[in-house]
$ cat start-v8.cif   # mmCIF, C-alpha atoms and all ligand atoms
data_final
loop_
_atom_site.label_atom_id
_atom_site.label_comp_id
_atom_site.auth_asym_id
_atom_site.auth_seq_id
_atom_site.Cartn_x
_atom_site.Cartn_y
_atom_site.Cartn_z
CA MET G 1 0.00 0.00 0.00
CA ALA G 2 1.24 3.52 -0.77
CA LEU G 3 2.56 5.42 2.26
CA LEU G 4 0.55 8.61 1.77
CA ASN G 5 -2.91 7.54 0.65
CA ASN G 6 -5.55 10.01 1.89
CA LYS G 7 -2.91 12.61 2.84
CA ARG G 8 -3.15 16.17 1.51
CA ILE G 9 0.17 18.00 1.50
CA LEU G 10 0.98 21.55 0.42
CA ILE G 11 4.34 21.95 -1.34
CA THR G 12 6.20 25.29 -1.36
CA GLY G 13 9.52 26.17 -3.00
CA VAL G 14 9.27 24.75 -6.51
CA ALA G 15 11.25 27.04 -8.83
CA ASN G 16 12.12 24.51 -11.54
CA SER G 17 12.64 20.78 -12.10
CA LYS G 18 15.93 20.87 -10.17
CA SER G 19 14.30 22.23 -6.99
CA ILE G 20 14.44 19.95 -3.96
CA ALA G 21 10.67 20.60 -3.64
CA CYS G 22 10.27 19.00 -7.07
CA GLY G 23 12.01 15.78 -5.91
CA ILE G 24 9.78 15.83 -2.84
CA ALA G 25 6.60 16.34 -4.92
CA LYS G 26 7.57 13.38 -7.12
CA ALA G 27 8.03 11.04 -4.13
CA LEU G 28 4.89 12.22 -2.30
CA HIS G 29 2.83 11.80 -5.47
CA ARG G 30 4.23 8.30 -6.04
CA GLU G 31 3.19 7.41 -2.48
CA GLY G 32 -0.40 8.47 -3.10
CA ALA G 33 -0.53 11.97 -1.56
CA GLU G 34 -2.82 14.62 -2.97
CA LEU G 35 -0.71 17.73 -3.53
CA ALA G 36 -1.22 21.48 -3.74
CA PHE G 37 1.53 23.91 -4.72
CA THR G 38 2.56 27.50 -4.13
CA TYR G 39 4.60 29.76 -6.38
CA HIS G 40 6.62 32.73 -5.24
CA THR G 41 6.33 35.25 -8.08
CA ASP G 42 4.16 35.65 -11.19
CA LYS G 43 7.26 34.92 -13.27
CA LEU G 44 7.42 31.43 -11.72
CA ARG G 45 3.73 30.65 -12.06
CA SER G 46 3.79 28.90 -15.44
CA ARG G 47 6.88 26.87 -14.53
CA VAL G 48 5.35 25.71 -11.26
CA TYR G 49 2.12 24.97 -13.11
CA GLU G 50 3.96 22.69 -15.58
CA ILE G 51 5.60 20.78 -12.71
CA ALA G 52 2.44 20.67 -10.58
CA LYS G 53 0.54 19.10 -13.51
CA LEU G 54 2.90 16.09 -13.35
CA TYR G 55 2.17 15.42 -9.70
CA SER G 56 -1.32 16.70 -9.04
CA PHE G 57 -4.80 16.27 -10.48
CA ASN G 58 -6.53 19.07 -8.61
CA GLU G 59 -4.67 22.11 -10.01
CA ILE G 60 -4.44 23.87 -6.65
CA ILE G 61 -1.56 26.25 -7.42
CA LEU G 62 -1.57 29.39 -5.31
CA PRO G 63 0.70 32.43 -4.96
CA CYS G 64 2.59 33.03 -1.74
CA ASP G 65 5.44 35.37 -0.92
CA VAL G 66 6.46 34.42 2.62
CA SER G 67 8.01 37.83 3.25
CA SER G 68 4.44 39.13 3.67
CA ASP G 69 2.00 38.11 6.43
CA SER G 70 -0.95 39.06 4.25
CA SER G 71 0.32 36.86 1.42
CA ILE G 72 0.57 33.89 3.83
CA GLU G 73 -2.92 34.62 5.18
CA LYS G 74 -4.34 34.88 1.67
CA LEU G 75 -2.72 31.57 0.72
CA PHE G 76 -4.62 29.70 3.42
CA VAL G 77 -7.89 31.55 2.80
CA GLU G 78 -7.65 30.42 -0.83
CA LEU G 79 -6.52 26.88 0.08
CA LYS G 80 -9.49 26.52 2.44
CA LYS G 81 -11.84 26.89 -0.54
CA SER G 82 -10.53 23.50 -1.79
CA TRP G 83 -9.17 21.87 1.36
CA SER G 84 -10.89 22.78 4.64
CA GLN G 85 -8.36 20.49 6.34
CA PHE G 86 -5.07 18.99 5.27
CA ASP G 87 -2.15 16.92 6.54
CA GLY G 88 0.87 19.18 6.46
CA PHE G 89 3.19 21.22 4.30
CA VAL G 90 6.73 21.17 2.97
CA HIS G 91 8.66 24.41 3.52
CA SER G 92 11.43 24.39 0.91
CA ILE G 93 12.23 28.09 0.97
CA ALA G 94 15.38 30.08 1.70
CA PHE G 95 16.85 33.38 0.62
CA ALA G 96 19.85 35.58 1.33
CA PRO G 97 21.09 38.41 -0.89
CA THR G 98 23.90 37.05 -3.13
CA GLU G 99 26.53 39.45 -1.73
CA GLN G 100 26.05 37.80 1.67
CA LEU G 101 27.09 34.40 0.32
CA ARG G 102 30.71 35.19 -0.49
CA GLY G 103 33.96 35.95 1.25
CA ASP G 104 34.81 36.84 4.82
CA TYR G 105 31.68 36.44 6.99
CA VAL G 106 32.38 39.39 9.27
CA ASN G 107 33.02 41.74 6.36
CA SER G 108 30.09 40.59 4.22
CA VAL G 109 27.27 40.34 6.79
CA THR G 110 24.95 43.37 7.08
CA ARG G 111 22.01 44.14 9.34
CA LEU G 112 19.64 43.96 6.38
CA GLY G 113 21.19 40.73 5.03
CA PHE G 114 20.89 39.18 8.50
CA GLU G 115 17.28 40.28 8.87
CA VAL G 116 16.11 39.19 5.42
CA SER G 117 17.81 35.78 5.51
CA HIS G 118 16.37 34.93 8.92
CA MET G 119 12.91 36.23 8.05
CA ILE G 120 12.56 34.34 4.76
CA SER G 121 14.52 31.20 5.66
CA SER G 122 13.42 30.63 9.27
CA TYR G 123 10.53 32.82 10.47
CA SER G 124 8.41 31.90 7.44
CA PHE G 125 8.24 28.25 8.59
CA VAL G 126 6.47 29.09 11.86
CA GLY G 127 4.74 32.02 10.13
CA MET G 128 2.96 29.54 7.85
CA ALA G 129 2.26 27.06 10.68
CA LYS G 130 0.68 29.82 12.79
CA VAL G 131 -1.86 30.67 10.10
CA CYS G 132 -2.84 27.14 9.02
CA ARG G 133 -2.72 25.49 12.48
CA SER G 134 -6.51 25.15 12.76
CA MET G 135 -6.67 23.51 9.31
CA LEU G 136 -4.19 20.74 10.16
CA ARG G 137 -5.61 17.28 10.80
CA LYS G 138 -4.32 14.91 13.49
CA ASN G 139 -1.08 13.17 12.47
CA SER G 140 -0.07 16.09 10.25
CA SER G 141 3.59 16.52 9.42
CA LEU G 142 5.43 19.80 8.77
CA LEU G 143 8.78 19.59 7.05
CA SER G 144 11.55 22.06 6.24
CA LEU G 145 14.94 21.87 4.52
CA THR G 146 18.20 22.77 6.20
CA TYR G 147 21.93 22.42 5.68
CA LEU G 148 25.04 21.44 7.69
CA GLY G 149 26.24 25.08 7.54
CA SER G 150 23.92 25.62 10.55
CA ASN G 151 26.39 24.02 12.94
CA ARG G 152 29.69 23.83 11.00
CA VAL G 153 31.50 26.63 9.25
CA VAL G 154 31.10 26.18 5.50
CA PRO G 155 33.06 28.66 3.34
CA ASN G 156 30.81 31.36 1.78
CA TYR G 157 27.61 30.00 3.39
CA ASN G 158 27.99 32.82 5.92
CA VAL G 159 24.76 34.37 7.27
CA MET G 160 22.69 31.56 5.76
CA GLY G 161 24.37 29.26 8.31
CA LEU G 162 22.95 31.40 11.11
CA ALA G 163 19.52 31.42 9.46
CA LYS G 164 19.61 27.60 9.21
CA ALA G 165 20.62 27.38 12.90
CA SER G 166 17.54 29.48 13.67
CA LEU G 167 15.40 27.27 11.44
CA GLU G 168 16.60 24.11 13.21
CA SER G 169 15.77 25.60 16.60
CA ASN G 170 12.41 26.67 15.17
CA VAL G 171 11.77 23.00 14.27
CA LYS G 172 12.30 21.94 17.88
CA TYR G 173 10.13 24.70 19.43
CA MET G 174 7.38 24.13 16.86
CA ALA G 175 7.50 20.35 17.48
CA ASN G 176 7.02 20.89 21.20
CA ALA G 177 4.26 23.47 20.76
CA MET G 178 2.28 21.39 18.26
CA GLY G 179 2.99 17.87 19.53
CA ALA G 180 -0.03 17.79 21.83
CA ASP G 181 -2.23 18.34 18.75
CA SER G 182 -0.55 15.30 17.11
CA ILE G 183 1.33 17.49 14.64
CA ARG G 184 4.96 16.60 14.00
CA VAL G 185 7.68 18.99 12.81
CA ASN G 186 11.02 17.92 11.32
CA ALA G 187 13.70 19.08 8.89
CA ILE G 188 15.87 17.28 6.38
CA SER G 189 19.48 18.40 6.23
CA SER G 190 20.40 17.73 2.62
CA GLY G 191 23.82 17.45 1.10
CA PRO G 192 24.61 20.04 -1.60
CA LEU G 193 22.50 19.93 -4.77
CA LYS G 194 22.78 22.09 -7.87
CA THR G 195 19.69 24.32 -7.76
CA LEU G 196 18.78 27.96 -8.36
CA ALA G 197 19.27 28.81 -4.67
CA SER G 198 22.64 27.09 -4.34
CA SER G 199 23.98 28.74 -7.51
CA GLY G 200 24.18 31.98 -5.48
CA ILE G 201 26.83 30.50 -3.15
CA LEU G 202 30.38 31.35 -4.27
CA ASN G 203 32.41 28.26 -5.33
CA PHE G 204 29.40 25.96 -4.95
CA LYS G 205 30.77 23.61 -7.63
CA LYS G 206 33.87 23.06 -5.49
CA MET G 207 31.61 22.09 -2.59
CA LEU G 208 29.82 19.52 -4.79
CA SER G 209 33.08 17.87 -5.83
CA PHE G 210 34.41 17.92 -2.24
CA TYR G 211 31.31 16.06 -1.06
CA ALA G 212 31.48 13.59 -3.96
CA LYS G 213 35.08 12.81 -3.08
CA HIS G 214 34.84 12.65 0.71
CA SER G 215 31.29 11.54 1.63
CA PRO G 216 31.11 7.94 2.89
CA ILE G 217 28.97 7.11 -0.18
CA ARG G 218 31.54 8.87 -2.48
CA ARG G 219 28.92 10.75 -4.50
CA ASN G 220 26.41 13.56 -4.15
CA VAL G 221 22.85 12.84 -3.11
CA THR G 222 19.89 13.45 -5.46
CA ILE G 223 16.60 15.32 -5.07
CA GLU G 224 14.87 11.93 -5.41
CA GLU G 225 16.73 10.63 -2.34
CA VAL G 226 15.68 13.70 -0.36
CA GLY G 227 12.13 13.17 -1.67
CA ASN G 228 12.03 9.58 -0.42
CA VAL G 229 12.95 10.64 3.12
CA ALA G 230 10.40 13.46 2.92
CA ALA G 231 7.72 10.88 1.99
CA PHE G 232 8.65 8.83 5.07
CA LEU G 233 8.56 11.91 7.32
CA CYS G 234 5.15 12.96 5.97
CA SER G 235 3.77 9.46 6.50
CA ASN G 236 2.47 7.77 9.63
CA LEU G 237 5.47 5.40 9.50
CA SER G 238 7.47 8.20 11.16
CA SER G 239 4.82 8.80 13.87
CA GLY G 240 7.43 8.60 16.65
CA ILE G 241 9.77 11.20 15.09
CA THR G 242 9.45 14.92 15.76
CA GLY G 243 11.76 17.88 16.42
CA GLU G 244 14.50 16.11 14.46
CA ILE G 245 17.03 17.12 11.86
CA ILE G 246 17.47 14.09 9.57
CA TYR G 247 20.63 14.11 7.43
CA VAL G 248 20.34 13.03 3.80
CA ASP G 249 23.92 13.81 2.85
CA GLY G 250 25.55 10.46 2.17
CA GLY G 251 27.01 10.55 5.67
CA PHE G 252 29.15 13.66 5.07
CA ASN G 253 28.22 15.14 8.47
CA THR G 254 29.84 12.15 10.20
CA ILE G 255 33.29 12.81 8.71
CA SER G 256 35.87 14.99 10.43
CA GLY G 257 38.94 14.28 8.29
CA THR G 258 39.83 13.44 4.68
CA GLU G 259 42.21 10.90 3.16
CA ASP G 260 44.46 13.80 2.07
CA MET G 261 45.24 14.64 5.72
P1 LIG Y 1 15.38 26.46 -5.24
O1 LIG Y 1 15.94 27.75 -5.71
O2 LIG Y 1 14.92 25.50 -6.24
O3 LIG Y 1 14.22 26.70 -4.16
C1 LIG Y 1 14.21 27.81 -3.29
C2 LIG Y 1 12.79 28.32 -3.30
O4 LIG Y 1 12.62 29.37 -2.35
C3 LIG Y 1 12.40 28.89 -4.66
O5 LIG Y 1 11.28 28.19 -5.17
C4 LIG Y 1 12.03 30.33 -4.35
O6 LIG Y 1 10.99 30.82 -5.17
C5 LIG Y 1 11.61 30.20 -2.89
N1 LIG Y 1 11.56 31.49 -2.19
C6 LIG Y 1 12.58 32.35 -1.96
N2 LIG Y 1 12.09 33.47 -1.35
C7 LIG Y 1 10.75 33.28 -1.20
C8 LIG Y 1 9.68 34.07 -0.68
N3 LIG Y 1 9.89 35.31 -0.19
N4 LIG Y 1 8.43 33.56 -0.69
C9 LIG Y 1 8.18 32.31 -1.19
N5 LIG Y 1 9.14 31.53 -1.72
C10 LIG Y 1 10.41 32.01 -1.73
O7 LIG Y 1 16.57 25.82 -4.36
P2 LIG Y 1 16.61 24.54 -3.40
O8 LIG Y 1 18.05 24.23 -3.27
O9 LIG Y 1 15.66 23.50 -3.87
O10 LIG Y 1 16.15 25.14 -2.00
C11 LIG Y 1 15.09 24.60 -1.22
C12 LIG Y 1 15.50 24.52 0.24
O11 LIG Y 1 16.51 23.52 0.38
C13 LIG Y 1 16.08 25.80 0.82
O12 LIG Y 1 15.64 25.95 2.15
C14 LIG Y 1 17.58 25.52 0.81
O13 LIG Y 1 18.31 26.27 1.75
C15 LIG Y 1 17.55 24.05 1.19
N6 LIG Y 1 18.80 23.31 0.93
C16 LIG Y 1 19.38 23.36 -0.29
C17 LIG Y 1 20.58 22.67 -0.50
C18 LIG Y 1 21.25 22.73 -1.84
O14 LIG Y 1 22.46 22.43 -1.91
N7 LIG Y 1 20.56 23.08 -2.92
C19 LIG Y 1 21.15 21.93 0.53
C20 LIG Y 1 20.51 21.88 1.77
C21 LIG Y 1 19.33 22.59 1.98
#
$ encode --input "start-v8.cif" --output "structure tokens"
Amino acid sequence: MALLNNKRILITGVANSKSIACGIAKALHREGAELAFTYHTDKLRSRVYEIAKLYSFNEIILPCDVSSDSSIEKLFVELKKSWSQFDGFVHSIAFAPTEQLRGDYVNSVTRLGFEVSHMISSYSFVGMAKVCRSMLRKNSSLLSLTYLGSNRVVPNYNVMGLAKASLESNVKYMANAMGADSIRVNAISSGPLKTLASSGILNFKKMLSFYAKHSPIRRNVTIEEVGNVAAFLCSNLSSGITGEIIYVDGGFNTISGTEDM
């Protein structure tokens, strides 16, 4: 039996077919979930529509810019017209201005860069949960995407590392606040993947080859592998897991030295 039969999940963060959210949509659809999608800007609408068509029959594709409370509120007002209740959402959203993602952290970080990256990449997760809380059914699962740069220094990741640390703490506080309502909250910490968001990080290609060389599995992970873990975390098979950061990085986070040492 498929893992996600009778589950309705909202997917955010599809920008194109390389997006992690796209790999997640594919796996959730395969496991029987009914999906709805958001798109960030009008420019992305048709692209998200094309992808959504592959994984959804209901054509629920709604705009949402998480930098605006009213946009988040409007999203759930609109979603309610089709789904009065649902079973969770995937938050696959992050942003920092490109100039923040290069060079010396202390020199590059700015008050505005700090504020924007935390607001879009961390606050928006609880910001969405706050608004749709009353629409979430028992055994719902909320899922976000994070990266190892939250607790290790990764060159050029800079302020985004701090925003991911905030997001991971957000996961734990949200899990505790919502656990009594049988709502679980987790994040997947993915290894590096070539996407629109990661292309803004200076020397990202070098990071990909470093992981491929030194990860225990000696290759990079794929969006499909992240999607499979997301399907498990959205399903009732993971009913005992909440407040966790699950690594899907080929074991890279377990390594502290390389063979070149
Ligand atoms: P992506 O560019 O495909 O997705 C990022 C999404 O964030 C885009 O769809 C974009 O439209 C959306 N977004 C940005 N600002 C927004 C706003 N104000 N409102 C609504 N949406 C907004 O890149 P991705 O790599 O798939 O990123 C998805 C998530 O995965 C991010 O949280 C990212 O940090 C995380 N992640 C990525 C990697 C990687 O190497 N690519 C590794 C670990 C974690």
$ axis_aligned_box --input "start-v8.cif" --around "ligand LIG 1 (chain Y)" --padding-each-side "5 Å" --output "JSON"
{"center_x": 15.3, "center_y": 28.6, "center_z": -2.0, "size_x": 24.3, "size_y": 23.4, "size_z": 18.4}
$ residues_near_ligand --input "start-v8.cif" --ligand "ligand LIG 1 (chain Y)" --cutoff "7 Å" --atoms "only C-alpha atoms and all ligand atoms" --output "VMD selection string"
chain G and resid 12 to 16 18 to 21 39 to 40 64 to 67 92 to 95 120 to 121 144 to 147 189 to 198
$ closest_atom_pairs --input "start-v8.cif" --of "stretch 9-117 of chain G" --to "stretch 218-240 of chain G" --cutoff "9 Å" --atoms "all atoms listed in the file" --output "JSON lines"
{"residue": "G:Ile9", "atom": "CA", "partner": "G:Cys234", "partner_atom": "CA", "distance": 8.4}
{"residue": "G:Lys18", "atom": "CA", "partner": "G:Ile223", "partner_atom": "CA", "distance": 7.6}
{"residue": "G:Ser19", "atom": "CA", "partner": "G:Ile223", "partner_atom": "CA", "distance": 7.5}
{"residue": "G:Ile20", "atom": "CA", "partner": "G:Ile223", "partner_atom": "CA", "distance": 5.2}
{"residue": "G:Ala21", "atom": "CA", "partner": "G:Gly227", "partner_atom": "CA", "distance": 7.8}
{"residue": "G:Cys22", "atom": "CA", "partner": "G:Ile223", "partner_atom": "CA", "distance": 7.6}
{"residue": "G:Gly23", "atom": "CA", "partner": "G:Ile223", "partner_atom": "CA", "distance": 4.7}
{"residue": "G:Ile24", "atom": "CA", "partner": "G:Gly227", "partner_atom": "CA", "distance": 3.7}
{"residue": "G:Ala25", "atom": "CA", "partner": "G:Gly227", "partner_atom": "CA", "distance": 7.2}
{"residue": "G:Lys26", "atom": "CA", "partner": "G:Gly227", "partner_atom": "CA", "distance": 7.1}
{"residue": "G:Ala27", "atom": "CA", "partner": "G:Gly227", "partner_atom": "CA", "distance": 5.2}
{"residue": "G:Leu28", "atom": "CA", "partner": "G:Ala231", "partner_atom": "CA", "distance": 5.3}
{"residue": "G:His29", "atom": "CA", "partner": "G:Ala231", "partner_atom": "CA", "distance": 9.0}
{"residue": "G:Glu31", "atom": "CA", "partner": "G:Ala231", "partner_atom": "CA", "distance": 7.2}
{"residue": "G:Asp87", "atom": "CA", "partner": "G:Cys234", "partner_atom": "CA", "distance": 8.3}
{"residue": "G:Gly88", "atom": "CA", "partner": "G:Cys234", "partner_atom": "CA", "distance": 7.6}
{"residue": "G:Phe89", "atom": "CA", "partner": "G:Cys234", "partner_atom": "CA", "distance": 8.7}
{"residue": "G:Val90", "atom": "CA", "partner": "G:Ala230", "partner_atom": "CA", "distance": 8.5}
$ atom_distance --input "start-v8.cif" --atom1 "atom CA of G:Pro63" --atom2 "atom CA of G:Thr41"
7.0 Å
$ closest_residue --input "start-v8.cif" --among "G:Asp69, G:Asp104, G:Glu34, G:Glu59" --to "G:Ala129" --atoms "all atoms listed in the file"
G:Asp69
$ residues_near_point --input "start-v8.cif" --point "(-2.4, 24.5, 13.7)" --cutoff "12 Å" --atoms "all atoms listed in the file" --output "PyMOL selection string"
chain G and resi 76+85-89+126-142+174-175+177-185
$ atom_distance --input "start-v8.cif" --atom1 "atom CA of G:Pro155" --atom2 "atom CA of G:Tyr105"
8.7 Å
$ build_atoms --input "start-v8.cif" --residues "stretch 157-186 of chain G" --atoms "N, CA and C atoms" --output "JSON list (two decimals), in the coordinates of the input"
[["chain", "number", "residue", "atom", "x", "y", "z"],
["G", 157, "TYR", "N", 29.01, 30.20, 3.01],
["G", 157, "TYR", "CA", 27.61, 30.00, 3.39],
["G", 157, "TYR", "C", 27.17, 31.13, 4.34],
["G", 158, "ASN", "N", 28.13, 31.59, 5.13],
["G", 158, "ASN", "CA", 27.99, 32.82, 5.92],
["G", 158, "ASN", "C", 26.65, 32.96, 6.66],
["G", 159, "VAL", "N", 25.95, 34.08, 6.45],
["G", 159, "VAL", "CA", 24.76, 34.37, 7.27],
["G", 159, "VAL", "C", 23.67, 33.32, 7.09],
["G", 160, "MET", "N", 23.71, 32.61, 5.95],
["G", 160, "MET", "CA", 22.69, 31.56, 5.76],
["G", 160, "MET", "C", 22.88, 30.45, 6.78],
["G", 161, "GLY", "N", 24.12, 30.24, 7.24],
["G", 161, "GLY", "CA", 24.37, 29.26, 8.31],
["G", 161, "GLY", "C", 23.63, 29.65, 9.58],
["G", 162, "LEU", "N", 23.65, 30.92, 9.90],
["G", 162, "LEU", "CA", 22.95, 31.40, 11.11],
["G", 162, "LEU", "C", 21.44, 31.24, 10.93],
["G", 163, "ALA", "N", 20.97, 31.54, 9.72],
["G", 163, "ALA", "CA", 19.52, 31.42, 9.46],
["G", 163, "ALA", "C", 19.09, 29.96, 9.56],
["G", 164, "LYS", "N", 19.94, 29.03, 9.11],
["G", 164, "LYS", "CA", 19.61, 27.60, 9.21],
["G", 164, "LYS", "C", 19.66, 27.14, 10.67],
["G", 165, "ALA", "N", 20.59, 27.72, 11.47],
["G", 165, "ALA", "CA", 20.62, 27.38, 12.90],
["G", 165, "ALA", "C", 19.30, 27.81, 13.54],
["G", 166, "SER", "N", 18.83, 28.99, 13.16],
["G", 166, "SER", "CA", 17.54, 29.48, 13.67],
["G", 166, "SER", "C", 16.41, 28.56, 13.22],
["G", 167, "LEU", "N", 16.46, 28.16, 11.96],
["G", 167, "LEU", "CA", 15.40, 27.27, 11.44],
["G", 167, "LEU", "C", 15.38, 25.95, 12.22],
["G", 168, "GLU", "N", 16.55, 25.40, 12.51],
["G", 168, "GLU", "CA", 16.60, 24.11, 13.21],
["G", 168, "GLU", "C", 16.07, 24.23, 14.64],
["G", 169, "SER", "N", 16.32, 25.36, 15.27],
["G", 169, "SER", "CA", 15.77, 25.60, 16.60],
["G", 169, "SER", "C", 14.25, 25.79, 16.50],
["G", 170, "ASN", "N", 13.83, 26.49, 15.46],
["G", 170, "ASN", "CA", 12.41, 26.67, 15.17],
["G", 170, "ASN", "C", 11.70, 25.31, 15.09],
["G", 171, "VAL", "N", 12.34, 24.36, 14.42],
["G", 171, "VAL", "CA", 11.77, 23.00, 14.27],
["G", 171, "VAL", "C", 11.49, 22.40, 15.65],
["G", 172, "LYS", "N", 12.45, 22.55, 16.55],
["G", 172, "LYS", "CA", 12.30, 21.94, 17.88],
["G", 172, "LYS", "C", 11.19, 22.63, 18.69],
["G", 173, "TYR", "N", 11.18, 23.97, 18.68],
["G", 173, "TYR", "CA", 10.13, 24.70, 19.43],
["G", 173, "TYR", "C", 8.75, 24.44, 18.83],
["G", 174, "MET", "N", 8.67, 24.40, 17.51],
["G", 174, "MET", "CA", 7.38, 24.13, 16.86],
["G", 174, "MET", "C", 6.91, 22.71, 17.20],
["G", 175, "ALA", "N", 7.85, 21.75, 17.19],
["G", 175, "ALA", "CA", 7.50, 20.35, 17.48],
["G", 175, "ALA", "C", 6.92, 20.24, 18.88],
["G", 176, "ASN", "N", 7.52, 20.96, 19.82],
["G", 176, "ASN", "CA", 7.02, 20.89, 21.20],
["G", 176, "ASN", "C", 5.66, 21.58, 21.33],
["G", 177, "ALA", "N", 5.51, 22.72, 20.65],
["G", 177, "ALA", "CA", 4.26, 23.47, 20.76],
["G", 177, "ALA", "C", 3.09, 22.73, 20.11],
["G", 178, "MET", "N", 3.37, 21.99, 19.04],
["G", 178, "MET", "CA", 2.28, 21.39, 18.26],
["G", 178, "MET", "C", 2.11, 19.89, 18.52],
["G", 179, "GLY", "N", 3.01, 19.32, 19.29],
["G", 179, "GLY", "CA", 2.99, 17.87, 19.53],
["G", 179, "GLY", "C", 1.72, 17.39, 20.20],
["G", 180, "ALA", "N", 1.19, 18.20, 21.11],
["G", 180, "ALA", "CA", -0.03, 17.79, 21.83],
["G", 180, "ALA", "C", -1.23, 17.72, 20.89],
["G", 181, "ASP", "N", -1.15, 18.41, 19.75],
["G", 181, "ASP", "CA", -2.23, 18.34, 18.75],
["G", 181, "ASP", "C", -1.95, 17.23, 17.73],
["G", 182, "SER", "N", -0.97, 16.37, 18.04],
["G", 182, "SER", "CA", -0.55, 15.30, 17.11],
["G", 182, "SER", "C", -0.05, 15.84, 15.78],
["G", 183, "ILE", "N", 0.68, 16.94, 15.85],
["G", 183, "ILE", "CA", 1.33, 17.49, 14.64],
["G", 183, "ILE", "C", 2.83, 17.38, 14.86],
["G", 184, "ARG", "N", 3.52, 16.78, 13.89],
["G", 184, "ARG", "CA", 4.96, 16.60, 14.00],
["G", 184, "ARG", "C", 5.69, 17.60, 13.11],
["G", 185, "VAL", "N", 6.90, 17.97, 13.55],
["G", 185, "VAL", "CA", 7.68, 18.99, 12.81],
["G", 185, "VAL", "C", 9.12, 18.51, 12.72],
["G", 186, "ASN", "N", 9.65, 18.39, 11.51],
["G", 186, "ASN", "CA", 11.02, 17.92, 11.32],
["G", 186, "ASN", "C", 11.68, 18.68, 10.18]]
